2 protein chains.
Amino acid sequence: MNILRGAAIVGQSGGPTSVINASAYGVIRTALNSPHITNVYGAANGIRGVLDDVLYDMGQEDAYELSLLLHTPSSALGSCRYKLKPSEVDDTDYRRILEIFQKYDVRYFFYNGGNDSMDTCNKISKYLQKAGYDCRVIGVPKTVDNDLWGTDHCPGFASAAKYIVTSLMELYLDARVYDTPMICIVEIMGRHAGWLTAAASVASLAGCGPDLVYLPEVPFDVTKFLNDVERVYKATGKVLVAVSEGVADAGGKLIAEYGAEDAPVDSFGHKQLGGLAATLGNMVRDRLGTVKLRGIELSLLQRCAAHCASETDVQESFLAGKTAVESAVSGITDKMVAFARRYDENGQYVCDMVLLDLANVANTEKKVPREWINAEGNGLLSNFADYLLPLIQGEPQLARENGLPRFARLKKIRAKA
Amino acid sequence: MNILRGAAIVGQSGGPTSVINASAYGVIRTALNSPHITNVYGAANGIRGVLDDVLYDMGQEDAYELSLLLHTPSSALGSCRYKLKPSEVDDTDYRRILEIFQKYDVRYFFYNGGNDSMDTCNKISKYLQKAGYDCRVIGVPKTVDNDLWGTDHCPGFASAAKYIVTSLMELYLDARVYDTPMICIVEIMGRHAGWLTAAASVASLAGCGPDLVYLPEVPFDVTKFLNDVERVYKATGKVLVAVSEGVADAGGKLIAEYGAEDAPVDSFGHKQLGGLAATLGNMVRDRLGTVKLRGIELSLLQRCAAHCASETDVQESFLAGKTAVESAVSGITDKMVAFARRYDENGQYVCDMVLLDLANVANTEKKVPREWINAEGNGLLSNFADYLLPLIQGEPQLARENGLPRFARLKKIRAKA
C-alpha cells in the first residue's frame, strides 16, 4: 500500500438529495477512523468553501450528531453550482485550490455530486497532478436524476423514486374519491432523463398507478398527448398523468415553454423550469372543455423527503462514501465510486462498489433505455419495475424528538491550518 | 338497553383524509361484530350510494383486507359532495332515503365527514323521526381542516399536520443548501381556518421552521407581507413562508384571486382555489426584483399522505368509528362523536370520546384562536405547539408488498335486499 499522510476534504455539490448526507457520513466517519488521515474538513458549499477558505473541522463534531447525517436530507455542509473554467482558459481557481490544499496539507479530496461535480473533480485532479502535488481525488456520485454514466444507479435516485411511487399511489386513491370526472397531472423532476417520472409507473404494480407516463426520452407530441388523455377520460372519467418537467417536442422545444415567458437560466445554462402541469392542464381544458383538473408539481419535496427514503439507498450511499475513503487510502485516485448490480445464487439483489475513471463519467448522461418504454411512448414496460424495485426496499427508522424527525445539527467549527 | 335490530349503513363524504378509512374500519369491524346489526353496508360515494341504491356488502369482504383500511388513505367507499336540500323545500331525496332504508331494513346510519356531512346526518335523522322510522344516526367527524365545532380536534387533521411539519422541515433544509438567496412560499390547505398552515410553524421546534406563517384568521395585508419578506430576506437571504390558501384581505377578497381569473366554484359554493403561491411570488418579485423563488403547493399530497400519518390519529379515528357503533347499539342517536382532551396524573395526553348533538355541530366552523397567533399575525405562539404535539405522535407501520405500501383492496360486492 502506497501510504499518503495528510488531511481530507469532503464537499457536497449540486442539488441535494435525501441521502447525500449519508454519503458524506460514509466519507467523514471512515476518514476520521483512518490512521493516515490527519484531519477531516468539510468544505462549506462545496468547492466554494475551498476557494473561500471556509472549512469545518469534522473532528470536533459530536459523534451522535454525525451519525444522524445518515437520515438527514439536503446537504449538511451546504452546496454550490459553481463551475470551474478549464485551467487552460483561466487557472485562477486552480491556483487558489492548490494554495488552500497546501495550507491545510490536504492529500485527500472527496467530492459528492452529479455530472458537473465529477467534471470539477476531474479538472482539479488533473491540475494537481500537473502541478506535482500529491493528492488523491475520488468522486462520490449523487443525483436524484439517476443520469450518471457507468453506474447501475445513483445514490439519491431510489429515495426520490420511492417518495414518488408512494405519493402517486396515494394521489391515485385521492383523485378517484368522487364519482365525478377528474384529471390530475403530476409534474416530476428530470430535465433530460426520465428516471424519476418512470418511477411513478411502478405504482401500477399495486393497482394505483398513473394512466399515462411521459418521459423526455421520447419526443412529446401534444396532439398524441391530448388524444391519450381524451381516450382514458372517456373510458373511465379519471386520468392520472405523470410527466417529466423536461418533455420537449420533436424540435427540442420544451413543452413547459409553450406559451410561457422564457424561463431564467442557471449558471450552468440549465433552464429553470416550472409550470408544465399548468401548461398541459390548459391544453386539456381547450380540448375537453370544463373539467375538474389538478396540476401537482412535486417540486423540491421529491428530492428531500428523507421520511420516505429507501433504506437500501441510505445504506448504499453510506457505503459509496466509505469506499471512496478506503480506495483513496489504499492508493487509488481519479475515480468515481459506482454501483454494479448482480443477483446472488438465491436471486437476491446485490450492489457491488466499483470504481470508474473520472474522465469517463464526467458530463456523460444516461437515459432510460427506449426499449423499457412502451411503443406508444406513454408508459413503461416491466423491465423498468424489475430495475427499480430492489432499489427502493426498506424503510428508514428516523431518530425522533417531539415526534418530529431529529435531523443532524452540526457545530461547524472553522478549521485552523 | 333499548335493543334495535337491523342493518347498518356506513358512508363517507367530503374531501378524503389519510385516516377516514380508519374510522370506516372502526364502524365496519364493530358493526360486523355486533349481535344486533344484521348486515353492514357501505354506501358507494356517500349519500349518493343510498339514493342510487348502490350499497356494498361489507360482510363479504376479506377480514385482512378490511384491516388494511386502518392505513389506507382516501375514501375506500368513495365520497361525494352532494348537499341535501331542506326537506321543507324538497323532500324527494328524503323519501328515497327512507325507501332504501326500508328496503334493506337499515336501522343504523353512520356518516363520516365534515361540516356539510354532519348537516346531512342531522337532516336525515330529523326526517326519519318525523316519518316515524326508527333509525339511529351517528356522525363520525373527519376533516384535515380541523374546523369542526365542539371537538378538541378532528380525525384526519393530525396526519395532514404531521406530513406538513415533516415536509416543511425537509424543505427548510433543502431551500438553504446554496449560499445564494432563496425565497420559498408554501401554500397549504385551509379556506377559512388556518389549522394546517399553523402546523407548519411547529417545525421551528426542530430549528427548521418557516420564517413567516399566514393564516386566514388574520386579515392579510399585502404591504405588511412584503415588508416581512423583505426584512427576513435582507437579514438572512433565505425566506420560508407558509401560507393558507384562504388568506384574504380586510375586505374579504381572497389574495389568490388578486389578478387571477375567477376560480370555478364547487356545488357547495366553495371557490376552487389554487395558485396563491404564484400570485404572492409575483408580488415579491415586483418588490425585490430578480430573486430565486419557489412556489410549492402541497395540494392533494397533504391530505392523502398515509405513509406519514400520525399513528395517534389513526387509532383515535378508529376509536371514533367504534364509539359511533357502540353508542348507537346502546340506544343513542342524533349525535356526533367528538374528542375531548385531558392530561392524566402523569401529564400524559388522553383523548376521551364524547358525544355532541348533531344539531349543534353542523355548519359551525372552529378557527385557530387569535391568542395563539402572534400580535403581528405572521407566526404562531407556543400554545399552538402545545396543542398539536400530542396529536402527531407515533409512526404507522404500513403493510408492504414489493416494498410499496399495501393498501386495502375491497371486493365491493353489491348488497341484495
# chains A, B, ... in the order shown; residues from 1 in each chain; ligands from 1
>>> closest_atom_pairs(of="chain B", to="chain A", cutoff="6 Å", atoms="only C-alpha atoms", output="tab-separated table")
residue	atom	partner	partner_atom	distance
B:Ser74	CA	A:Asp174	CA	5.0
B:Ser75	CA	A:Val177	CA	6.0
B:Gly78	CA	A:Val177	CA	4.8
B:Ser79	CA	A:Tyr178	CA	5.0
B:Cys80	CA	A:Tyr178	CA	5.4
B:Glu170	CA	A:Cys304	CA	5.7
B:Leu173	CA	A:Ser74	CA	5.8
B:Asp174	CA	A:Ser74	CA	5.0
B:Val177	CA	A:Gly78	CA	4.8
B:Tyr178	CA	A:Ser79	CA	5.1
B:Cys304	CA	A:Glu170	CA	5.7
B:Gln393	CA	A:Gly403	CA	5.1
B:Gly403	CA	A:Gln393	CA	5.0
>>> select_by_dssp(residues="segment 191-364 of chain A", states="strand (DSSP E or B)", output="compact mmCIF listing (two decimals) with C-alpha atoms, in the first residue's frame")
# COMPACT_ATOMS: atom_id res chain seq x y z
CA LEU A 212 -50.12 7.85 -18.76
CA VAL A 213 -46.39 8.47 -18.27
CA TYR A 214 -44.30 10.80 -20.42
CA LYS A 238 -60.40 9.60 -14.22
CA VAL A 239 -56.98 10.37 -15.65
CA LEU A 240 -53.74 10.39 -13.71
CA VAL A 241 -50.76 11.63 -15.74
CA ALA A 242 -47.09 11.60 -14.69
CA VAL A 243 -44.89 13.83 -16.79
CA SER A 244 -41.24 14.87 -16.69
CA ALA A 248 -39.84 18.52 -25.32
CA LEU A 254 -39.68 22.37 -24.06
CA VAL A 265 -31.26 30.11 -16.74
CA LYS A 271 -33.32 26.30 -17.82
CA LEU A 293 -58.31 19.36 -13.26
CA ARG A 294 -55.45 19.35 -10.78
CA GLY A 295 -51.86 20.15 -11.62
CA ILE A 296 -49.45 18.96 -8.95
CA GLU A 297 -45.75 19.75 -9.03
CA LYS A 335 -12.00 7.52 -9.80
CA MET A 336 -15.69 7.77 -9.12
CA VAL A 337 -17.34 5.16 -6.92
CA ALA A 338 -20.07 3.40 -8.89
CA PHE A 339 -22.64 0.69 -8.29
CA ALA A 340 -22.70 -2.62 -10.14
CA ARG A 341 -25.76 -4.77 -9.74
CA ARG A 342 -25.76 -8.55 -9.59
CA TYR A 343 -28.07 -11.22 -8.27
CA TYR A 349 -30.12 -8.28 -5.46
CA VAL A 350 -26.53 -7.37 -4.51
CA CYS A 351 -24.92 -3.97 -5.06
CA ASP A 352 -21.15 -4.07 -5.57
CA MET A 353 -18.98 -1.00 -5.25
CA VAL A 354 -16.79 -0.47 -8.30
CA LEU A 355 -14.52 2.35 -9.44
CA LEU A 356 -14.77 4.20 -12.74
CA ASP A 357 -12.35 6.65 -14.32
>>> atom_distance(atom1="atom CA of Ala417 of chain B", atom2="atom CA of Tyr111 of chain B")
20.5 Å
>>> closest_residue(among="B:Ser23, B:Arg414, B:Ile47, B:Arg191", to="Lys142 of chain B", atoms="only C-alpha atoms")
B:Ser23
>>> residues_around(residues="Thr38 of chain A", least_positions_apart="6", cutoff="12 Å", atoms="only C-alpha atoms", output="PDB file with N, CA and C atoms, in the first residue's frame")
ATOM      1  N   LEU A   4      -0.088   7.591   2.127  1.00  0.00           N
ATOM      2  CA  LEU A   4      -0.040   9.049   1.980  1.00  0.00           C
ATOM      3  C   LEU A   4      -0.701   9.641   3.218  1.00  0.00           C
ATOM      4  N   ARG A   5       0.049  10.466   3.923  1.00  0.00           N
ATOM      5  CA  ARG A   5      -0.472  11.065   5.155  1.00  0.00           C
ATOM      6  C   ARG A   5      -0.889  12.504   4.893  1.00  0.00           C
ATOM      7  N   GLY A   6      -2.022  12.878   5.434  1.00  0.00           N
ATOM      8  CA  GLY A   6      -2.457  14.262   5.262  1.00  0.00           C
ATOM      9  C   GLY A   6      -3.928  14.405   5.584  1.00  0.00           C
ATOM     10  N   ALA A   7      -4.413  15.604   5.358  1.00  0.00           N
ATOM     11  CA  ALA A   7      -5.812  15.894   5.671  1.00  0.00           C
ATOM     12  C   ALA A   7      -6.720  15.530   4.498  1.00  0.00           C
ATOM     13  N   ALA A   8      -8.001  15.451   4.808  1.00  0.00           N
ATOM     14  CA  ALA A   8      -9.012  15.171   3.770  1.00  0.00           C
ATOM     15  C   ALA A   8     -10.051  16.280   3.764  1.00  0.00           C
ATOM     16  N   ILE A   9     -10.510  16.583   2.568  1.00  0.00           N
ATOM     17  CA  ILE A   9     -11.654  17.497   2.431  1.00  0.00           C
ATOM     18  C   ILE A   9     -12.807  16.733   1.799  1.00  0.00           C
ATOM     19  N   ALA A  31     -13.001   8.439   7.251  1.00  0.00           N
ATOM     20  CA  ALA A  31     -11.786   9.265   7.258  1.00  0.00           C
ATOM     21  C   ALA A  31     -11.341   9.559   8.686  1.00  0.00           C
ATOM     22  N   LEU A  32     -12.311   9.842   9.570  1.00  0.00           N
ATOM     23  CA  LEU A  32     -11.949  10.099  10.969  1.00  0.00           C
ATOM     24  C   LEU A  32     -11.303   8.867  11.599  1.00  0.00           C
ATOM     25  N   ASP A  57     -14.125  21.795  10.785  1.00  0.00           N
ATOM     26  CA  ASP A  57     -13.348  20.689  11.345  1.00  0.00           C
ATOM     27  C   ASP A  57     -14.294  19.576  11.814  1.00  0.00           C
ATOM     28  N   MET A  58     -14.394  18.530  11.025  1.00  0.00           N
ATOM     29  CA  MET A  58     -15.332  17.447  11.338  1.00  0.00           C
ATOM     30  C   MET A  58     -14.932  16.683  12.592  1.00  0.00           C
ATOM     31  N   GLY A  59     -13.677  16.735  12.946  1.00  0.00           N
ATOM     32  CA  GLY A  59     -13.202  16.047  14.148  1.00  0.00           C
ATOM     33  C   GLY A  59     -13.783  16.640  15.422  1.00  0.00           C
ATOM     34  N   TYR A 104      -3.553  23.525   4.316  1.00  0.00           N
ATOM     35  CA  TYR A 104      -4.098  22.548   5.273  1.00  0.00           C
ATOM     36  C   TYR A 104      -3.482  21.163   5.089  1.00  0.00           C
ATOM     37  N   ASP A 105      -2.486  21.069   4.232  1.00  0.00           N
ATOM     38  CA  ASP A 105      -1.874  19.770   3.921  1.00  0.00           C
ATOM     39  C   ASP A 105      -2.939  18.739   3.506  1.00  0.00           C
ATOM     40  N   VAL A 106      -3.770  19.139   2.587  1.00  0.00           N
ATOM     41  CA  VAL A 106      -4.848  18.263   2.121  1.00  0.00           C
ATOM     42  C   VAL A 106      -4.304  17.284   1.093  1.00  0.00           C
ATOM     43  N   ARG A 107      -4.461  15.994   1.369  1.00  0.00           N
ATOM     44  CA  ARG A 107      -3.947  14.951   0.464  1.00  0.00           C
ATOM     45  C   ARG A 107      -5.072  14.045  -0.052  1.00  0.00           C
ATOM     46  N   TYR A 108      -6.269  14.337   0.436  1.00  0.00           N
ATOM     47  CA  TYR A 108      -7.438  13.561   0.012  1.00  0.00           C
ATOM     48  C   TYR A 108      -8.583  14.520  -0.274  1.00  0.00           C
ATOM     49  N   VAL A 329      -7.223   5.824   0.442  1.00  0.00           N
ATOM     50  CA  VAL A 329      -6.174   5.476   1.411  1.00  0.00           C
ATOM     51  C   VAL A 329      -5.307   4.338   0.856  1.00  0.00           C
ATOM     52  N   ALA A 417      -5.535  26.018  10.135  1.00  0.00           N
ATOM     53  CA  ALA A 417      -4.453  25.314   9.407  1.00  0.00           C
ATOM     54  C   ALA A 417      -3.331  24.954  10.372  1.00  0.00           C
TER      55      ALA A 417
END
>>> atom_distance(atom1="atom CA of Ala309 of chain A", atom2="atom CA of Asn21 of chain A")
12.5 Å
>>> residues_around(residues="Pro155 of chain B", least_positions_apart="2", cutoff="9 Å", atoms="only C-alpha atoms", output="list in words")
Thr17, Val19, Ile20, Ser23, Val140, Pro141, Lys142, Thr143, Val144, Asn146, His153, Phe157, Ala158, Ser159, Asp313, Val314, Glu316, Ser317, Ala320 and Phe339 of chain B
>>> write_last_selection(atoms="N, CA, C and O atoms", output="mmCIF file, in the first residue's frame")
data_model
loop_
_atom_site.group_PDB
_atom_site.id
_atom_site.type_symbol
_atom_site.label_atom_id
_atom_site.label_comp_id
_atom_site.auth_asym_id
_atom_site.auth_seq_id
_atom_site.Cartn_x
_atom_site.Cartn_y
_atom_site.Cartn_z
ATOM 1 N N THR B 17 -59.234 11.970 3.693
ATOM 2 C CA THR B 17 -58.076 12.199 4.561
ATOM 3 C C THR B 17 -57.253 10.910 4.579
ATOM 4 O O THR B 17 -57.655 9.897 3.994
ATOM 5 N N VAL B 19 -56.898 9.120 7.123
ATOM 6 C CA VAL B 19 -57.402 8.191 8.134
ATOM 7 C C VAL B 19 -58.915 8.023 8.120
ATOM 8 O O VAL B 19 -59.472 7.392 9.009
ATOM 9 N N ILE B 20 -59.593 8.559 7.109
ATOM 10 C CA ILE B 20 -61.055 8.410 7.087
ATOM 11 C C ILE B 20 -61.416 6.930 6.989
ATOM 12 O O ILE B 20 -62.429 6.475 7.536
ATOM 13 N N SER B 23 -61.564 5.297 10.420
ATOM 14 C CA SER B 23 -62.876 5.458 11.052
ATOM 15 C C SER B 23 -63.892 4.499 10.440
ATOM 16 O O SER B 23 -64.685 3.879 11.158
ATOM 17 N N VAL B 140 -69.616 10.643 12.296
ATOM 18 C CA VAL B 140 -68.215 10.442 12.671
ATOM 19 C C VAL B 140 -67.425 11.537 11.973
ATOM 20 O O VAL B 140 -67.425 11.615 10.748
ATOM 21 N N PRO B 141 -66.774 12.404 12.739
ATOM 22 C CA PRO B 141 -66.142 13.554 12.095
ATOM 23 C C PRO B 141 -64.883 13.169 11.331
ATOM 24 O O PRO B 141 -64.245 12.165 11.618
ATOM 25 N N LYS B 142 -64.566 13.950 10.372
ATOM 26 C CA LYS B 142 -63.281 13.899 9.672
ATOM 27 C C LYS B 142 -63.110 15.230 8.982
ATOM 28 O O LYS B 142 -64.087 15.774 8.459
ATOM 29 N N THR B 143 -61.964 15.741 9.013
ATOM 30 C CA THR B 143 -61.585 16.839 8.141
ATOM 31 C C THR B 143 -60.149 17.218 8.419
ATOM 32 O O THR B 143 -59.768 17.401 9.571
ATOM 33 N N VAL B 144 -59.354 17.316 7.373
ATOM 34 C CA VAL B 144 -57.991 17.812 7.560
ATOM 35 C C VAL B 144 -58.026 19.264 8.037
ATOM 36 O O VAL B 144 -57.077 19.730 8.659
ATOM 37 N N ASN B 146 -59.752 20.609 10.362
ATOM 38 C CA ASN B 146 -59.854 20.704 11.824
ATOM 39 C C ASN B 146 -60.822 21.795 12.268
ATOM 40 O O ASN B 146 -60.665 22.351 13.353
ATOM 41 N N HIS B 153 -60.194 18.198 18.451
ATOM 42 C CA HIS B 153 -59.554 18.132 17.136
ATOM 43 C C HIS B 153 -60.337 17.131 16.293
ATOM 44 O O HIS B 153 -61.186 16.409 16.816
ATOM 45 N N PHE B 157 -56.945 15.536 10.757
ATOM 46 C CA PHE B 157 -56.148 16.754 10.868
ATOM 47 C C PHE B 157 -54.703 16.440 11.242
ATOM 48 O O PHE B 157 -53.755 16.921 10.607
ATOM 49 N N ALA B 158 -54.526 15.617 12.282
ATOM 50 C CA ALA B 158 -53.171 15.412 12.813
ATOM 51 C C ALA B 158 -52.261 14.749 11.790
ATOM 52 O O ALA B 158 -51.058 15.047 11.726
ATOM 53 N N SER B 159 -52.808 13.854 10.967
ATOM 54 C CA SER B 159 -51.961 13.192 9.966
ATOM 55 C C SER B 159 -51.520 14.181 8.897
ATOM 56 O O SER B 159 -50.356 14.191 8.486
ATOM 57 N N ASP B 313 -53.471 9.629 15.449
ATOM 58 C CA ASP B 313 -54.657 9.979 14.654
ATOM 59 C C ASP B 313 -55.338 8.714 14.122
ATOM 60 O O ASP B 313 -56.574 8.594 14.167
ATOM 61 N N VAL B 314 -54.543 7.772 13.641
ATOM 62 C CA VAL B 314 -55.096 6.516 13.120
ATOM 63 C C VAL B 314 -55.922 5.817 14.193
ATOM 64 O O VAL B 314 -57.067 5.416 13.964
ATOM 65 N N GLU B 316 -57.131 7.036 17.072
ATOM 66 C CA GLU B 316 -58.287 7.821 17.513
ATOM 67 C C GLU B 316 -59.416 7.765 16.475
ATOM 68 O O GLU B 316 -60.599 7.727 16.834
ATOM 69 N N SER B 317 -59.037 7.760 15.208
ATOM 70 C CA SER B 317 -60.052 7.720 14.143
ATOM 71 C C SER B 317 -60.794 6.394 14.159
ATOM 72 O O SER B 317 -62.021 6.338 13.985
ATOM 73 N N ALA B 320 -63.145 6.478 17.035
ATOM 74 C CA ALA B 320 -64.332 7.299 16.755
ATOM 75 C C ALA B 320 -65.395 6.461 16.045
ATOM 76 O O ALA B 320 -66.585 6.518 16.394
ATOM 77 N N PHE B 339 -63.923 14.464 20.236
ATOM 78 C CA PHE B 339 -62.750 14.184 21.076
ATOM 79 C C PHE B 339 -62.643 15.244 22.165
ATOM 80 O O PHE B 339 -62.721 16.437 21.890
#
>>> select_by_dssp(residues="segment 170-380 of chain A", states="helix (DSSP H, G or I)", output="VMD selection string")
chain A and resid 170 to 175 195 to 206 222 to 236 255 to 257 276 to 288 301 to 304 306 to 308 311 to 329 358 to 361 370 to 372
>>> residues_around(residues="Asn2 of chain B", least_positions_apart="4", cutoff="10 Å", atoms="only C-alpha atoms", output="PyMOL selection string")
chain B and resi 328-332
>>> closest_residue(among="B:Leu398, B:Leu288, B:Leu276, B:Ala193", to="Arg231 of chain B", atoms="only C-alpha atoms")
B:Leu288
>>> atom_distance(atom1="atom CA of Leu196 of chain B", atom2="atom CA of Gln348 of chain B")
23.6 Å
>>> closest_residue(among="A:Arg370, A:Lys126, A:Arg95, A:Lys322", to="Trp195 of chain A", atoms="only C-alpha atoms")
A:Arg370
>>> residues_around(residues="Thr223 of chain A", least_positions_apart="4", cutoff="10 Å", atoms="only C-alpha atoms", output="PyMOL selection string")
chain A and resi 227-229+283+287
>>> closest_residue(among="B:Thr364, B:Thr312, B:Ser201, B:Ser327", to="Ala385 of chain B", atoms="only C-alpha atoms")
B:Ser201
>>> residues_around(residues="segment 86-91 of chain A", least_positions_apart="4", cutoff="10 Å", atoms="only C-alpha atoms", output="mmCIF file with all heavy atoms, in the first residue's frame")
data_model
loop_
_atom_site.group_PDB
_atom_site.id
_atom_site.type_symbol
_atom_site.label_atom_id
_atom_site.label_comp_id
_atom_site.auth_asym_id
_atom_site.auth_seq_id
_atom_site.Cartn_x
_atom_site.Cartn_y
_atom_site.Cartn_z
ATOM 1 N N ARG A 95 -5.195 27.585 -8.938
ATOM 2 C CA ARG A 95 -4.057 28.012 -8.104
ATOM 3 C C ARG A 95 -4.514 28.242 -6.669
ATOM 4 O O ARG A 95 -3.835 27.874 -5.725
ATOM 5 C CB ARG A 95 -3.414 29.271 -8.711
ATOM 6 C CG ARG A 95 -2.557 28.920 -9.955
ATOM 7 C CD ARG A 95 -1.762 30.111 -10.473
ATOM 8 N NE ARG A 95 -2.630 31.067 -11.179
ATOM 9 C CZ ARG A 95 -2.912 32.304 -10.763
ATOM 10 N NH1 ARG A 95 -2.357 32.766 -9.643
ATOM 11 N NH2 ARG A 95 -3.713 33.074 -11.458
ATOM 12 N N ARG A 96 -5.705 28.786 -6.525
ATOM 13 C CA ARG A 96 -6.264 29.030 -5.193
ATOM 14 C C ARG A 96 -6.523 27.689 -4.473
ATOM 15 O O ARG A 96 -6.223 27.533 -3.287
ATOM 16 C CB ARG A 96 -7.559 29.826 -5.334
ATOM 17 C CG ARG A 96 -8.334 30.028 -4.047
ATOM 18 C CD ARG A 96 -7.581 30.863 -3.034
ATOM 19 N NE ARG A 96 -8.425 31.136 -1.877
ATOM 20 C CZ ARG A 96 -7.984 31.584 -0.722
ATOM 21 N NH1 ARG A 96 -6.674 31.816 -0.542
ATOM 22 N NH2 ARG A 96 -8.800 31.815 0.276
ATOM 23 N N ILE A 97 -7.057 26.740 -5.208
ATOM 24 C CA ILE A 97 -7.329 25.433 -4.608
ATOM 25 C C ILE A 97 -6.022 24.799 -4.130
ATOM 26 O O ILE A 97 -5.928 24.301 -2.999
ATOM 27 C CB ILE A 97 -8.062 24.511 -5.626
ATOM 28 C CG1 ILE A 97 -9.500 25.024 -5.860
ATOM 29 C CG2 ILE A 97 -8.081 23.056 -5.149
ATOM 30 C CD1 ILE A 97 -10.212 24.399 -7.061
ATOM 31 N N THR A 120 -15.794 18.676 -12.140
ATOM 32 C CA THR A 120 -14.975 19.500 -11.237
ATOM 33 C C THR A 120 -13.847 18.660 -10.636
ATOM 34 O O THR A 120 -12.678 19.056 -10.632
ATOM 35 C CB THR A 120 -15.867 20.085 -10.111
ATOM 36 O OG1 THR A 120 -16.874 20.895 -10.707
ATOM 37 C CG2 THR A 120 -15.062 20.895 -9.118
ATOM 38 N N LYS A 123 -11.157 17.874 -13.225
ATOM 39 C CA LYS A 123 -10.319 19.027 -13.561
ATOM 40 C C LYS A 123 -9.324 19.329 -12.436
ATOM 41 O O LYS A 123 -8.150 19.625 -12.696
ATOM 42 C CB LYS A 123 -11.197 20.262 -13.804
ATOM 43 C CG LYS A 123 -11.907 20.258 -15.149
ATOM 44 C CD LYS A 123 -12.897 21.422 -15.184
ATOM 45 C CE LYS A 123 -13.559 21.564 -16.551
ATOM 46 N NZ LYS A 123 -14.763 22.423 -16.457
ATOM 47 N N ILE A 124 -9.804 19.273 -11.197
ATOM 48 C CA ILE A 124 -8.917 19.560 -10.059
ATOM 49 C C ILE A 124 -7.802 18.531 -10.004
ATOM 50 O O ILE A 124 -6.621 18.861 -9.827
ATOM 51 C CB ILE A 124 -9.714 19.584 -8.733
ATOM 52 C CG1 ILE A 124 -10.655 20.784 -8.715
ATOM 53 C CG2 ILE A 124 -8.784 19.592 -7.528
ATOM 54 C CD1 ILE A 124 -11.612 20.817 -7.533
ATOM 55 N N LYS A 126 -6.538 16.640 -12.352
ATOM 56 C CA LYS A 126 -5.584 16.797 -13.454
ATOM 57 C C LYS A 126 -4.643 17.977 -13.181
ATOM 58 O O LYS A 126 -3.435 17.910 -13.430
ATOM 59 C CB LYS A 126 -6.322 17.013 -14.790
ATOM 60 C CG LYS A 126 -7.158 15.819 -15.242
ATOM 61 C CD LYS A 126 -6.320 14.572 -15.498
ATOM 62 C CE LYS A 126 -7.190 13.346 -15.789
ATOM 63 N NZ LYS A 126 -8.028 12.912 -14.632
ATOM 64 N N TYR A 127 -5.211 19.062 -12.664
ATOM 65 C CA TYR A 127 -4.390 20.240 -12.384
ATOM 66 C C TYR A 127 -3.357 19.931 -11.303
ATOM 67 O O TYR A 127 -2.174 20.275 -11.444
ATOM 68 C CB TYR A 127 -5.263 21.417 -11.962
ATOM 69 C CG TYR A 127 -4.440 22.648 -11.655
ATOM 70 C CD1 TYR A 127 -4.073 23.526 -12.668
ATOM 71 C CD2 TYR A 127 -3.995 22.914 -10.352
ATOM 72 C CE1 TYR A 127 -3.283 24.642 -12.393
ATOM 73 C CE2 TYR A 127 -3.213 24.029 -10.079
ATOM 74 C CZ TYR A 127 -2.865 24.890 -11.098
ATOM 75 O OH TYR A 127 -2.070 25.978 -10.824
#
